[in-house]
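The next block is protein-v7.txt, given as compact mmCIF, C-alpha atoms.
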# COMPACT_ATOMS: atom_id res chain seq x y z
CA MET U 1206 0.00 0.00 0.00
CA SER U 1207 1.33 3.43 -0.92
CA GLU U 1208 2.31 5.81 1.88
CA THR U 1209 -0.05 8.75 2.39
CA LEU U 1210 0.93 12.07 3.91
CA VAL U 1211 -0.39 11.23 7.39
CA ASP U 1212 1.61 7.97 7.47
CA ARG U 1213 4.78 10.04 7.87
CA TYR U 1214 3.72 11.40 11.29
CA ASP U 1215 2.79 10.10 14.73
CA ALA U 1216 0.57 13.02 15.72
CA LEU U 1217 -1.52 15.82 14.26
CA LEU U 1218 -1.60 19.19 16.05
CA ILE U 1219 -4.73 20.62 14.46
CA ASP U 1220 -5.93 24.21 14.53
CA LEU U 1221 -9.67 24.80 14.93
CA ASP U 1222 -11.00 28.12 13.62
CA GLY U 1223 -10.73 28.08 9.84
CA THR U 1224 -9.30 24.54 9.78
CA VAL U 1225 -11.97 22.17 11.12
CA TYR U 1226 -14.80 24.66 11.52
CA ARG U 1227 -15.82 28.22 10.77
CA GLY U 1228 -17.91 29.49 13.67
CA ASN U 1229 -20.84 27.09 13.95
CA GLU U 1230 -20.20 25.29 10.67
CA ALA U 1231 -17.86 22.33 10.25
CA VAL U 1232 -15.49 22.39 7.30
CA PRO U 1233 -16.80 19.69 4.92
CA GLY U 1234 -14.88 16.41 5.23
CA ALA U 1235 -12.82 17.50 8.25
CA ALA U 1236 -14.40 15.10 10.75
CA GLU U 1237 -13.97 12.14 8.40
CA ALA U 1238 -10.33 12.95 7.66
CA ILE U 1239 -9.45 13.23 11.35
CA ALA U 1240 -11.33 10.03 12.23
CA GLU U 1241 -9.41 8.15 9.54
CA ALA U 1242 -6.09 9.45 10.91
CA ARG U 1243 -7.06 8.34 14.41
CA SER U 1244 -7.97 4.87 13.11
CA LYS U 1245 -4.36 4.56 11.92
CA GLY U 1246 -3.05 5.18 15.43
CA VAL U 1247 -2.05 8.80 14.82
CA GLY U 1248 -2.33 10.98 17.93
CA ILE U 1249 -4.83 13.84 17.70
CA ARG U 1250 -4.63 17.13 19.53
CA TYR U 1251 -6.81 20.13 18.74
CA VAL U 1252 -4.54 23.11 19.34
CA THR U 1253 -6.37 26.42 19.36
CA ASN U 1254 -5.24 29.98 19.87
CA ASN U 1255 -8.81 30.94 20.81
CA ALA U 1256 -8.84 31.47 24.59
CA SER U 1257 -12.50 32.42 24.91
CA ARG U 1258 -13.85 28.93 25.70
CA SER U 1259 -12.87 26.24 28.18
CA PRO U 1260 -11.31 23.01 26.88
CA GLN U 1261 -14.54 21.19 27.75
CA ALA U 1262 -16.63 23.73 25.82
CA VAL U 1263 -14.31 23.32 22.82
CA ALA U 1264 -14.69 19.53 22.97
CA ASP U 1265 -18.48 19.83 23.31
CA HIS U 1266 -18.61 22.14 20.29
CA LEU U 1267 -16.56 19.68 18.23
CA VAL U 1268 -18.89 16.83 19.19
CA GLU U 1269 -21.92 18.94 18.22
CA LEU U 1270 -20.35 19.45 14.78
CA GLY U 1271 -19.79 15.72 14.26
CA PHE U 1272 -16.23 15.21 15.55
CA GLU U 1273 -15.56 12.26 17.85
CA THR U 1274 -13.36 13.68 20.59
CA THR U 1275 -12.90 14.24 24.33
CA VAL U 1276 -11.54 17.10 26.41
CA ASP U 1277 -8.20 15.27 26.66
CA GLU U 1278 -7.60 16.00 22.96
CA VAL U 1279 -7.96 19.78 23.39
CA SER U 1280 -5.11 22.22 24.08
CA THR U 1281 -5.94 25.93 24.31
CA SER U 1282 -3.88 29.08 24.49
CA SER U 1283 -5.67 29.89 27.76
CA GLN U 1284 -4.07 26.80 29.33
CA ALA U 1285 -0.68 27.72 27.89
CA GLY U 1286 -0.96 31.35 29.01
CA ALA U 1287 -1.93 30.43 32.57
CA ALA U 1288 0.93 27.92 32.67
CA MET U 1289 3.41 30.60 31.59
CA LEU U 1290 2.30 32.83 34.46
CA ALA U 1291 2.44 29.97 36.97
CA GLU U 1292 6.06 29.32 35.97
CA ARG U 1293 7.00 32.95 36.63
CA LEU U 1294 4.90 33.99 39.64
CA PRO U 1295 4.58 32.86 43.27
CA LYS U 1296 1.44 30.95 44.22
CA ARG U 1297 -1.62 33.15 44.92
CA SER U 1298 -0.25 36.07 42.92
CA THR U 1299 -2.98 38.40 41.66
CA VAL U 1300 -3.54 38.39 37.90
CA LEU U 1301 -5.69 40.88 36.00
CA VAL U 1302 -7.59 38.76 33.48
CA LEU U 1303 -8.79 40.28 30.22
CA GLY U 1304 -11.00 37.55 28.86
CA THR U 1305 -13.83 35.17 29.63
CA LYS U 1306 -14.76 33.20 32.74
CA ALA U 1307 -13.04 30.23 31.09
CA LEU U 1308 -9.73 32.12 31.12
CA GLU U 1309 -10.26 33.11 34.75
CA ALA U 1310 -10.80 29.43 35.56
CA GLU U 1311 -7.46 28.46 34.01
CA VAL U 1312 -5.71 31.11 36.13
CA PHE U 1313 -7.41 29.80 39.27
CA LYS U 1314 -6.46 26.19 38.44
CA ARG U 1315 -2.81 27.26 38.46
CA GLY U 1316 -3.03 28.59 42.02
CA LEU U 1317 -3.25 32.25 40.99
CA ILE U 1318 -5.91 34.80 41.94
CA PRO U 1319 -7.85 36.42 39.07
CA THR U 1320 -8.99 40.03 39.37
CA ASP U 1321 -10.58 42.67 37.13
CA THR U 1322 -8.78 45.74 38.46
CA ALA U 1323 -5.23 47.05 38.26
CA GLU U 1324 -4.89 47.42 42.02
CA GLY U 1325 -2.58 44.73 43.35
CA ALA U 1326 -2.19 42.98 39.99
CA VAL U 1327 1.33 41.72 39.33
CA ALA U 1328 0.44 40.30 35.91
CA VAL U 1329 -2.03 40.71 33.05
CA LEU U 1330 -3.31 37.73 31.06
CA GLN U 1331 -5.12 38.69 27.87
CA GLY U 1332 -7.36 36.39 25.84
CA LEU U 1333 -10.22 36.88 23.42
CA SER U 1334 -13.54 38.06 24.82
CA MET U 1335 -16.44 39.32 22.71
CA ASP U 1336 -17.44 41.61 25.59
CA LEU U 1337 -14.11 43.31 26.25
CA GLY U 1338 -14.39 47.09 26.38
CA TRP U 1339 -12.54 50.31 27.11
CA ARG U 1340 -12.78 50.09 30.90
CA GLN U 1341 -11.09 46.68 31.00
CA LEU U 1342 -8.36 47.82 28.61
CA ALA U 1343 -7.84 50.91 30.77
CA GLU U 1344 -7.31 48.77 33.90
CA ALA U 1345 -4.80 46.63 32.03
CA THR U 1346 -3.00 49.74 30.77
CA VAL U 1347 -2.56 50.99 34.33
CA ALA U 1348 -1.30 47.60 35.52
CA ILE U 1349 1.20 47.17 32.68
CA ARG U 1350 2.49 50.72 33.06
CA ASN U 1351 2.99 49.96 36.75
CA GLY U 1352 5.23 47.00 35.85
CA ALA U 1353 2.83 44.05 35.68
CA LEU U 1354 3.98 41.05 33.63
CA TRP U 1355 1.87 40.93 30.43
CA VAL U 1356 1.07 37.64 28.73
CA ALA U 1357 -1.14 37.40 25.65
CA CYS U 1358 -2.78 34.05 24.98
CA ASN U 1359 -2.43 34.73 21.26
CA VAL U 1360 -1.98 37.58 18.80
CA ASP U 1361 -4.25 36.54 15.89
CA ALA U 1362 -5.43 39.81 14.36
CA THR U 1363 -8.60 38.21 12.99
CA LEU U 1364 -11.00 35.38 13.83
CA PRO U 1365 -12.59 33.33 11.01
CA THR U 1366 -16.36 32.92 11.43
CA GLU U 1367 -19.35 31.99 9.29
CA ARG U 1368 -19.78 35.77 8.76
CA GLY U 1369 -16.20 36.22 7.58
CA LEU U 1370 -13.14 37.59 9.39
CA LEU U 1371 -13.84 39.41 12.65
CA PRO U 1372 -11.44 41.09 15.14
CA GLY U 1373 -9.27 38.59 17.01
CA ASN U 1374 -7.33 38.88 20.24
CA GLY U 1375 -4.37 40.37 18.37
CA SER U 1376 -6.43 43.41 17.45
CA LEU U 1377 -7.11 44.03 21.15
CA VAL U 1378 -3.48 43.30 22.05
CA ALA U 1379 -2.56 46.01 19.54
CA ALA U 1380 -4.66 48.51 21.47
CA LEU U 1381 -2.76 47.78 24.69
CA ARG U 1382 0.55 47.81 22.86
CA ALA U 1383 -0.24 51.30 21.59
CA ALA U 1384 -1.35 52.46 25.04
CA THR U 1385 1.62 51.07 26.98
CA ASP U 1386 4.58 50.97 24.56
CA GLN U 1387 5.15 47.41 25.84
CA GLU U 1388 5.25 43.98 24.20
CA PRO U 1389 3.58 40.93 25.75
CA LEU U 1390 4.95 37.45 26.11
CA VAL U 1391 2.88 35.18 23.86
CA ALA U 1392 1.63 31.69 24.71
CA GLY U 1393 -0.12 30.69 21.49
CA LYS U 1394 1.07 30.25 17.94
CA PRO U 1395 3.41 31.48 16.40
CA ALA U 1396 5.18 31.33 19.76
CA THR U 1397 6.13 27.79 20.73
CA PRO U 1398 4.74 27.03 24.24
CA LEU U 1399 1.31 25.81 23.09
CA LEU U 1400 2.61 23.54 20.31
CA GLN U 1401 5.48 22.15 22.37
CA GLN U 1402 3.21 21.30 25.30
CA ALA U 1403 0.65 19.62 23.02
CA ALA U 1404 3.34 17.45 21.40
CA LYS U 1405 4.80 16.58 24.81
CA ASP U 1406 1.38 15.58 26.16
CA LEU U 1407 0.96 13.18 23.22
CA GLY U 1408 4.48 11.79 23.50
CA ALA U 1409 4.89 12.69 19.84
CA HIS U 1410 8.29 12.43 18.16
CA ARG U 1411 7.19 13.54 14.68
CA PRO U 1412 4.10 15.76 14.85
CA LEU U 1413 2.52 17.58 11.92
CA VAL U 1414 1.02 21.02 12.59
CA VAL U 1415 -2.16 21.59 10.57
CA GLY U 1416 -3.76 25.01 10.16
CA ASP U 1417 -5.11 27.72 7.91
CA ARG U 1418 -2.86 30.64 8.84
CA LEU U 1419 0.70 31.32 7.76
CA ASP U 1420 1.32 33.88 10.48
CA THR U 1421 0.30 31.61 13.37
CA ASP U 1422 0.03 27.90 12.51
CA VAL U 1423 2.79 27.65 9.92
CA LEU U 1424 5.16 30.14 11.54
CA GLY U 1425 4.54 28.43 14.88
CA ALA U 1426 5.55 25.11 13.33
CA VAL U 1427 8.68 26.71 11.87
CA ASN U 1428 9.59 28.19 15.26
CA ALA U 1429 9.03 24.83 16.97
CA GLY U 1430 11.01 22.87 14.36
CA MET U 1431 7.92 20.94 13.21
CA ASP U 1432 6.52 20.16 9.75
CA SER U 1433 3.29 21.87 8.74
CA LEU U 1434 0.28 21.53 6.44
CA LEU U 1435 -1.48 24.70 5.30
CA VAL U 1436 -5.13 24.05 4.44
CA LEU U 1437 -6.92 26.57 2.24
CA THR U 1438 -10.19 26.61 4.20
CA GLY U 1439 -9.57 29.74 6.25
CA VAL U 1440 -7.35 32.80 6.07
CA SER U 1441 -4.13 32.24 4.09
CA THR U 1442 -3.76 31.43 0.39
CA GLU U 1443 -1.34 29.30 -1.59
CA GLN U 1444 -0.06 32.44 -3.36
CA GLU U 1445 0.79 34.00 0.00
CA ALA U 1446 2.64 30.85 1.00
CA GLN U 1447 4.71 30.85 -2.17
CA ALA U 1448 5.63 34.50 -1.61
CA LEU U 1449 7.34 33.67 1.71
CA PRO U 1450 11.04 32.89 2.05
CA VAL U 1451 11.58 29.15 1.58
CA GLU U 1452 12.41 28.55 5.24
CA GLN U 1453 9.06 30.06 6.31
CA ARG U 1454 6.82 28.16 3.89
CA PRO U 1455 4.58 25.27 4.94
CA THR U 1456 5.88 21.77 4.30
CA TYR U 1457 2.65 20.97 2.44
CA VAL U 1458 -0.33 22.89 1.07
CA GLY U 1459 -3.74 21.30 0.53
CA ALA U 1460 -7.30 22.35 -0.24
CA ASP U 1461 -8.56 20.78 3.00
CA LEU U 1462 -7.84 18.00 5.49
CA SER U 1463 -8.57 15.26 2.97
CA VAL U 1464 -5.04 15.80 1.64
CA LEU U 1465 -3.80 13.93 4.71
CA HIS U 1466 -4.87 10.69 3.08
CA ARG U 1467 -3.35 11.25 -0.34
CA LEU U 1468 0.10 10.65 -1.72
CA PRO U 1469 2.48 13.42 -0.59
Go ahead and render the structure in this file as structure tokens.
Amino acid sequence: MSETLVDRYDALLIDLDGTVYRGNEAVPGAAEAIAEARSKGVGIRYVTNNASRSPQAVADHLVELGFETTVDEVSTSSQAGAAMLAERLPKRSTVLVLGTKALEAEVFKRGLIPTDTAEGAVAVLQGLSMDLGWRQLAEATVAIRNGALWVACNVDATLPTERGLLPGNGSLVAALRAATDQEPLVAGKPATPLLQQAAKDLGAHRPLVVGDRLDTDVLGAVNAGMDSLLVLTGVSTEQEAQALPVEQRPTYVGADLSVLHRLP
């Protein structure tokens, strides 16, 4: 039997938004392609930069869209961001959380104390929230200008949805960057903590990063020394990939996840 692309790897680190679904709509054929990879013994980990939902909510959403999965297969930038803070701060340090209740929960799980004001905050953790407004950004600005450690779960400028591209966490990070003249540490792609932790959790020796964005998924794979597959179901195009320097291009480009089961 001829070797297919997925046969070269022991794990798939798969992006969500724009790769397996767009908002509340599954990408056609994605569930079937992932199920076939799992049937071959390939490890599966959904690795998302979106920090707005808990890992359980992400898993539930995938199941609703027809994907067979459990919470153990989900890695989020909220988990990675909270872990970065826990490595750098004493237990019970106060963290100003810009994000959802799910992000607050990840901070609490790491033995840190979430807050919504600058007073007493020694760190700021920023993740996507559809309800984030000026007052919350103002509190974070005060905290960062007072020396608080700033970690962004991710810096995606846009978020693919069934309505098209909408503002992502990176757009809100840009507002704080402009207000503070500071740069955050980043947990999600294209930084390496999220991908490296996901591969470690799977015990993977040869993972393939799969995603729809050159500036996060593919660049994250490059930074982590991993191969990548760019699927053309979300943000980036094949023309944009070809315009990159060779060392920054994806290892493979495919129309969708079905390419995993074709000859490379």
Which residue of U:Thr1421, U:Thr1209, U:Ser1334, U:Asn1229 approaches Arg1467 (chain U) most closely, using only C-alpha atoms: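 Checking each of U:Thr1421, U:Thr1209, U:Ser1334, U:Asn1229 against Arg1467 (chain U), counting only C-alpha atoms, the winner is U:Thr1209.
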Region 1249-1258 of chain U environment, 8 Å, all atoms listed in the file, sequence neighbours closer than 6 positions dropped, as a tab-separated table (two decimals) with C-alpha atoms, in the frame of the given file:
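The result, written out as around32.tsv:
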chain	number	residue	atom	x	y	z
U	1216	ALA	CA	0.57	13.02	15.72
U	1217	LEU	CA	-1.52	15.82	14.26
U	1218	LEU	CA	-1.60	19.19	16.05
U	1219	ILE	CA	-4.73	20.62	14.46
U	1220	ASP	CA	-5.93	24.21	14.53
U	1221	LEU	CA	-9.67	24.80	14.93
U	1222	ASP	CA	-11.00	28.12	13.62
U	1239	ILE	CA	-9.45	13.23	11.35
U	1243	ARG	CA	-7.06	8.34	14.41
U	1278	GLU	CA	-7.60	16.00	22.96
U	1279	VAL	CA	-7.96	19.78	23.39
U	1280	SER	CA	-5.11	22.22	24.08
U	1281	THR	CA	-5.94	25.93	24.31
U	1282	SER	CA	-3.88	29.08	24.49
U	1283	SER	CA	-5.67	29.89	27.76
U	1304	GLY	CA	-11.00	37.55	28.86
U	1305	THR	CA	-13.83	35.17	29.63
U	1307	ALA	CA	-13.04	30.23	31.09
U	1308	LEU	CA	-9.73	32.12	31.12
U	1332	GLY	CA	-7.36	36.39	25.84
U	1333	LEU	CA	-10.22	36.88	23.42
U	1334	SER	CA	-13.54	38.06	24.82
U	1358	CYS	CA	-2.78	34.05	24.98
U	1359	ASN	CA	-2.43	34.73	21.26
U	1361	ASP	CA	-4.25	36.54	15.89
U	1393	GLY	CA	-0.12	30.69	21.49
U	1394	LYS	CA	1.07	30.25	17.94
U	1399	LEU	CA	1.31	25.81	23.09
U	1400	LEU	CA	2.61	23.54	20.31
U	1403	ALA	CA	0.65	19.62	23.02
U	1407	LEU	CA	0.96	13.18	23.22
Selected residue of minimal separation from Val1312 (chain U) among U:Gly1286, U:Pro1295, U:Gly1325, U:Gly1246, counting only C-alpha atoms: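 Comparing U:Gly1286, U:Pro1295, U:Gly1325, U:Gly1246 against Val1312 (chain U), the winner is U:Gly1286.
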Closest of U:Val1414, U:Val1360, U:Leu1330, U:Thr1320 to Pro1372 (chain U) - atom-to-atom distances counting all atoms listed in the file: U:Val1360
Point-to-point distance from CA of Arg1382 (chain U) to CA of Leu1301 (chain U), Å rounded to tenths: 16.1 Å
Closest-contact table, region 1357-1434 of chain U side, partner region 1458-1464 of chain U, 12 Å, counting only C-alpha atoms, as JSON lines:
{"residue": "U:Val1414", "atom": "CA", "partner": "U:Val1458", "partner_atom": "CA", "distance": 11.7}
{"residue": "U:Val1415", "atom": "CA", "partner": "U:Leu1462", "partner_atom": "CA", "distance": 8.4}
{"residue": "U:Gly1416", "atom": "CA", "partner": "U:Leu1462", "partner_atom": "CA", "distance": 9.4}
{"residue": "U:Asp1417", "atom": "CA", "partner": "U:Asp1461", "partner_atom": "CA", "distance": 9.2}
{"residue": "U:Arg1418", "atom": "CA", "partner": "U:Val1458", "partner_atom": "CA", "distance": 11.3}
{"residue": "U:Leu1419", "atom": "CA", "partner": "U:Val1458", "partner_atom": "CA", "distance": 10.8}
{"residue": "U:Val1423", "atom": "CA", "partner": "U:Val1458", "partner_atom": "CA", "distance": 10.5}
{"residue": "U:Asp1432", "atom": "CA", "partner": "U:Val1458", "partner_atom": "CA", "distance": 11.4}
{"residue": "U:Ser1433", "atom": "CA", "partner": "U:Val1458", "partner_atom": "CA", "distance": 8.5}
{"residue": "U:Leu1434", "atom": "CA", "partner": "U:Val1458", "partner_atom": "CA", "distance": 5.6}
Top pick for closest residue to Ser1298 (chain U), considering U:Phe1313, U:Glu1273, U:Asp1321, U:Val1327 and counting all atoms listed in the file: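 Closest to Ser1298 (chain U), using all atoms listed in the file: U:Val1327.
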U:Val1211, U:Val1247, U:Val1268, U:Leu1435 ranked by distance to Ala1231 (chain U), top pick (using all atoms listed in the file):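 Smallest separation from Ala1231 (chain U) among the options: U:Val1268.
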Nearest to Trp1339 (chain U), chosen from U:Val1225, U:Ala1446, U:Ala1357, U:Leu1381, with all atoms listed in the file counted in the distances: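 Smallest separation from Trp1339 (chain U) among the options: U:Leu1381.
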Computed interatomic separation between CA of Ala1396 (chain U) and CA of Gly1425 (chain U) (Å): 5.7 Å
Atomic separation - CA of Pro1389 (chain U) relative to CA of Tyr1226 (chain U), Å: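 These two atoms are separated by 28.4 Å.
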Skipping near chain neighbours, those fewer than 2 positions away, what residues fall within 12 Å of Glu1445 (chain U) using all atoms listed in the file, listed as an mmCIF file with C-alpha atoms, in the coordinates of the input?
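result.cif, freshly written:
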data_model
loop_
_atom_site.group_PDB
_atom_site.id
_atom_site.type_symbol
_atom_site.label_atom_id
_atom_site.label_comp_id
_atom_site.auth_asym_id
_atom_site.auth_seq_id
_atom_site.Cartn_x
_atom_site.Cartn_y
_atom_site.Cartn_z
ATOM 1 C CA ASP U 1417 -5.110 27.720 7.910
ATOM 2 C CA ARG U 1418 -2.860 30.640 8.840
ATOM 3 C CA LEU U 1419 0.700 31.320 7.760
ATOM 4 C CA ASP U 1420 1.320 33.880 10.480
ATOM 5 C CA VAL U 1423 2.790 27.650 9.920
ATOM 6 C CA LEU U 1435 -1.480 24.700 5.300
ATOM 7 C CA LEU U 1437 -6.920 26.570 2.240
ATOM 8 C CA VAL U 1440 -7.350 32.800 6.070
ATOM 9 C CA SER U 1441 -4.130 32.240 4.090
ATOM 10 C CA THR U 1442 -3.760 31.430 0.390
ATOM 11 C CA GLU U 1443 -1.340 29.300 -1.590
ATOM 12 C CA GLN U 1447 4.710 30.850 -2.170
ATOM 13 C CA ALA U 1448 5.630 34.500 -1.610
ATOM 14 C CA LEU U 1449 7.340 33.670 1.710
ATOM 15 C CA PRO U 1450 11.040 32.890 2.050
ATOM 16 C CA VAL U 1451 11.580 29.150 1.580
ATOM 17 C CA GLN U 1453 9.060 30.060 6.310
ATOM 18 C CA ARG U 1454 6.820 28.160 3.890
ATOM 19 C CA PRO U 1455 4.580 25.270 4.940
ATOM 20 C CA VAL U 1458 -0.330 22.890 1.070
#
Given the point (-17.8, 17.1, 16.0) in the file's coordinates, find the residues that have an atom at most 12 Å from it, counting all atoms listed in the file, and give them as a PDB file with C-alpha atoms, in the frame of the given file.
ATOM      1  CA  LEU U1221      -9.670  24.800  14.930  1.00  0.00           C
ATOM      2  CA  VAL U1225     -11.970  22.170  11.120  1.00  0.00           C
ATOM      3  CA  TYR U1226     -14.800  24.660  11.520  1.00  0.00           C
ATOM      4  CA  ASN U1229     -20.840  27.090  13.950  1.00  0.00           C
ATOM      5  CA  GLU U1230     -20.200  25.290  10.670  1.00  0.00           C
ATOM      6  CA  ALA U1231     -17.860  22.330  10.250  1.00  0.00           C
ATOM      7  CA  VAL U1232     -15.490  22.390   7.300  1.00  0.00           C
ATOM      8  CA  PRO U1233     -16.800  19.690   4.920  1.00  0.00           C
ATOM      9  CA  GLY U1234     -14.880  16.410   5.230  1.00  0.00           C
ATOM     10  CA  ALA U1235     -12.820  17.500   8.250  1.00  0.00           C
ATOM     11  CA  ALA U1236     -14.400  15.100  10.750  1.00  0.00           C
ATOM     12  CA  GLU U1237     -13.970  12.140   8.400  1.00  0.00           C
ATOM     13  CA  ALA U1238     -10.330  12.950   7.660  1.00  0.00           C
ATOM     14  CA  ILE U1239      -9.450  13.230  11.350  1.00  0.00           C
ATOM     15  CA  ALA U1240     -11.330  10.030  12.230  1.00  0.00           C
ATOM     16  CA  TYR U1251      -6.810  20.130  18.740  1.00  0.00           C
ATOM     17  CA  ALA U1262     -16.630  23.730  25.820  1.00  0.00           C
ATOM     18  CA  VAL U1263     -14.310  23.320  22.820  1.00  0.00           C
ATOM     19  CA  ALA U1264     -14.690  19.530  22.970  1.00  0.00           C
ATOM     20  CA  ASP U1265     -18.480  19.830  23.310  1.00  0.00           C
ATOM     21  CA  HIS U1266     -18.610  22.140  20.290  1.00  0.00           C
ATOM     22  CA  LEU U1267     -16.560  19.680  18.230  1.00  0.00           C
ATOM     23  CA  VAL U1268     -18.890  16.830  19.190  1.00  0.00           C
ATOM     24  CA  GLU U1269     -21.920  18.940  18.220  1.00  0.00           C
ATOM     25  CA  LEU U1270     -20.350  19.450  14.780  1.00  0.00           C
ATOM     26  CA  GLY U1271     -19.790  15.720  14.260  1.00  0.00           C
ATOM     27  CA  PHE U1272     -16.230  15.210  15.550  1.00  0.00           C
ATOM     28  CA  GLU U1273     -15.560  12.260  17.850  1.00  0.00           C
ATOM     29  CA  THR U1274     -13.360  13.680  20.590  1.00  0.00           C
ATOM     30  CA  THR U1275     -12.900  14.240  24.330  1.00  0.00           C
TER      31      THR U1275
END
Close residues, Val1329 (chain U) itself excluded, 6 Å, only C-alpha atoms, min 6 positions apart in chain, as a list of chain:residue names: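 Everything that qualifies: U:Val1300, U:Leu1301, U:Val1302, U:Trp1355.
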Output C-alpha atoms for every residue in the selection just made, as a PDB file, keeping the file's coordinate frame.
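Ended up saving to out27.pdb:
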ATOM      1  CA  VAL U1300      -3.540  38.390  37.900  1.00  0.00           C
ATOM      2  CA  LEU U1301      -5.690  40.880  36.000  1.00  0.00           C
ATOM      3  CA  VAL U1302      -7.590  38.760  33.480  1.00  0.00           C
ATOM      4  CA  TRP U1355       1.870  40.930  30.430  1.00  0.00           C
TER       5      TRP U1355
END
Reconstructed N, CA, C and O atoms for region 1248-1262 of chain U, given as a PDB file, in the coordinates of the input:
ATOM      1  N   GLY U1248      -1.838  10.181  16.824  1.00  0.00           N
ATOM      2  CA  GLY U1248      -2.330  10.980  17.930  1.00  0.00           C
ATOM      3  C   GLY U1248      -2.997  12.249  17.443  1.00  0.00           C
ATOM      4  O   GLY U1248      -2.532  12.870  16.477  1.00  0.00           O
ATOM      5  N   ILE U1249      -4.069  12.644  18.095  1.00  0.00           N
ATOM      6  CA  ILE U1249      -4.830  13.840  17.700  1.00  0.00           C
ATOM      7  C   ILE U1249      -4.837  14.827  18.851  1.00  0.00           C
ATOM      8  O   ILE U1249      -5.142  14.473  19.995  1.00  0.00           O
ATOM      9  N   ARG U1250      -4.501  16.059  18.548  1.00  0.00           N
ATOM     10  CA  ARG U1250      -4.630  17.130  19.530  1.00  0.00           C
ATOM     11  C   ARG U1250      -5.133  18.376  18.806  1.00  0.00           C
ATOM     12  O   ARG U1250      -4.524  18.839  17.850  1.00  0.00           O
ATOM     13  N   TYR U1251      -6.274  18.875  19.270  1.00  0.00           N
ATOM     14  CA  TYR U1251      -6.810  20.130  18.740  1.00  0.00           C
ATOM     15  C   TYR U1251      -6.126  21.266  19.478  1.00  0.00           C
ATOM     16  O   TYR U1251      -6.271  21.397  20.695  1.00  0.00           O
ATOM     17  N   VAL U1252      -5.388  22.076  18.757  1.00  0.00           N
ATOM     18  CA  VAL U1252      -4.540  23.110  19.340  1.00  0.00           C
ATOM     19  C   VAL U1252      -5.058  24.468  18.864  1.00  0.00           C
ATOM     20  O   VAL U1252      -4.867  24.837  17.707  1.00  0.00           O
ATOM     21  N   THR U1253      -5.716  25.180  19.770  1.00  0.00           N
ATOM     22  CA  THR U1253      -6.370  26.420  19.360  1.00  0.00           C
ATOM     23  C   THR U1253      -5.819  27.636  20.071  1.00  0.00           C
ATOM     24  O   THR U1253      -5.596  27.625  21.284  1.00  0.00           O
ATOM     25  N   ASN U1254      -5.643  28.696  19.312  1.00  0.00           N
ATOM     26  CA  ASN U1254      -5.240  29.980  19.870  1.00  0.00           C
ATOM     27  C   ASN U1254      -6.412  30.712  20.533  1.00  0.00           C
ATOM     28  O   ASN U1254      -6.208  31.673  21.269  1.00  0.00           O
ATOM     29  N   ASN U1255      -7.630  30.281  20.258  1.00  0.00           N
ATOM     30  CA  ASN U1255      -8.810  30.940  20.810  1.00  0.00           C
ATOM     31  C   ASN U1255      -8.931  30.628  22.299  1.00  0.00           C
ATOM     32  O   ASN U1255      -9.117  29.476  22.686  1.00  0.00           O
ATOM     33  N   ALA U1256      -8.826  31.655  23.135  1.00  0.00           N
ATOM     34  CA  ALA U1256      -8.840  31.470  24.590  1.00  0.00           C
ATOM     35  C   ALA U1256     -10.196  31.795  25.200  1.00  0.00           C
ATOM     36  O   ALA U1256     -10.320  31.864  26.420  1.00  0.00           O
ATOM     37  N   SER U1257     -11.221  31.954  24.386  1.00  0.00           N
ATOM     38  CA  SER U1257     -12.500  32.420  24.910  1.00  0.00           C
ATOM     39  C   SER U1257     -13.333  31.307  25.529  1.00  0.00           C
ATOM     40  O   SER U1257     -14.238  31.574  26.317  1.00  0.00           O
ATOM     41  N   ARG U1258     -13.050  30.038  25.176  1.00  0.00           N
ATOM     42  CA  ARG U1258     -13.850  28.930  25.700  1.00  0.00           C
ATOM     43  C   ARG U1258     -12.977  27.940  26.467  1.00  0.00           C
ATOM     44  O   ARG U1258     -11.788  27.796  26.178  1.00  0.00           O
ATOM     45  N   SER U1259     -13.589  27.247  27.416  1.00  0.00           N
ATOM     46  CA  SER U1259     -12.870  26.240  28.180  1.00  0.00           C
ATOM     47  C   SER U1259     -12.567  25.044  27.286  1.00  0.00           C
ATOM     48  O   SER U1259     -13.236  24.826  26.267  1.00  0.00           O
ATOM     49  N   PRO U1260     -11.575  24.227  27.649  1.00  0.00           N
ATOM     50  CA  PRO U1260     -11.310  23.010  26.880  1.00  0.00           C
ATOM     51  C   PRO U1260     -12.540  22.113  26.752  1.00  0.00           C
ATOM     52  O   PRO U1260     -12.789  21.533  25.693  1.00  0.00           O
ATOM     53  N   GLN U1261     -13.340  22.014  27.818  1.00  0.00           N
ATOM     54  CA  GLN U1261     -14.540  21.190  27.750  1.00  0.00           C
ATOM     55  C   GLN U1261     -15.548  21.767  26.771  1.00  0.00           C
ATOM     56  O   GLN U1261     -16.186  21.026  26.001  1.00  0.00           O
ATOM     57  N   ALA U1262     -15.707  23.098  26.762  1.00  0.00           N
ATOM     58  CA  ALA U1262     -16.630  23.730  25.820  1.00  0.00           C
ATOM     59  C   ALA U1262     -16.163  23.525  24.379  1.00  0.00           C
ATOM     60  O   ALA U1262     -16.983  23.334  23.472  1.00  0.00           O
TER      61      ALA U1262
END
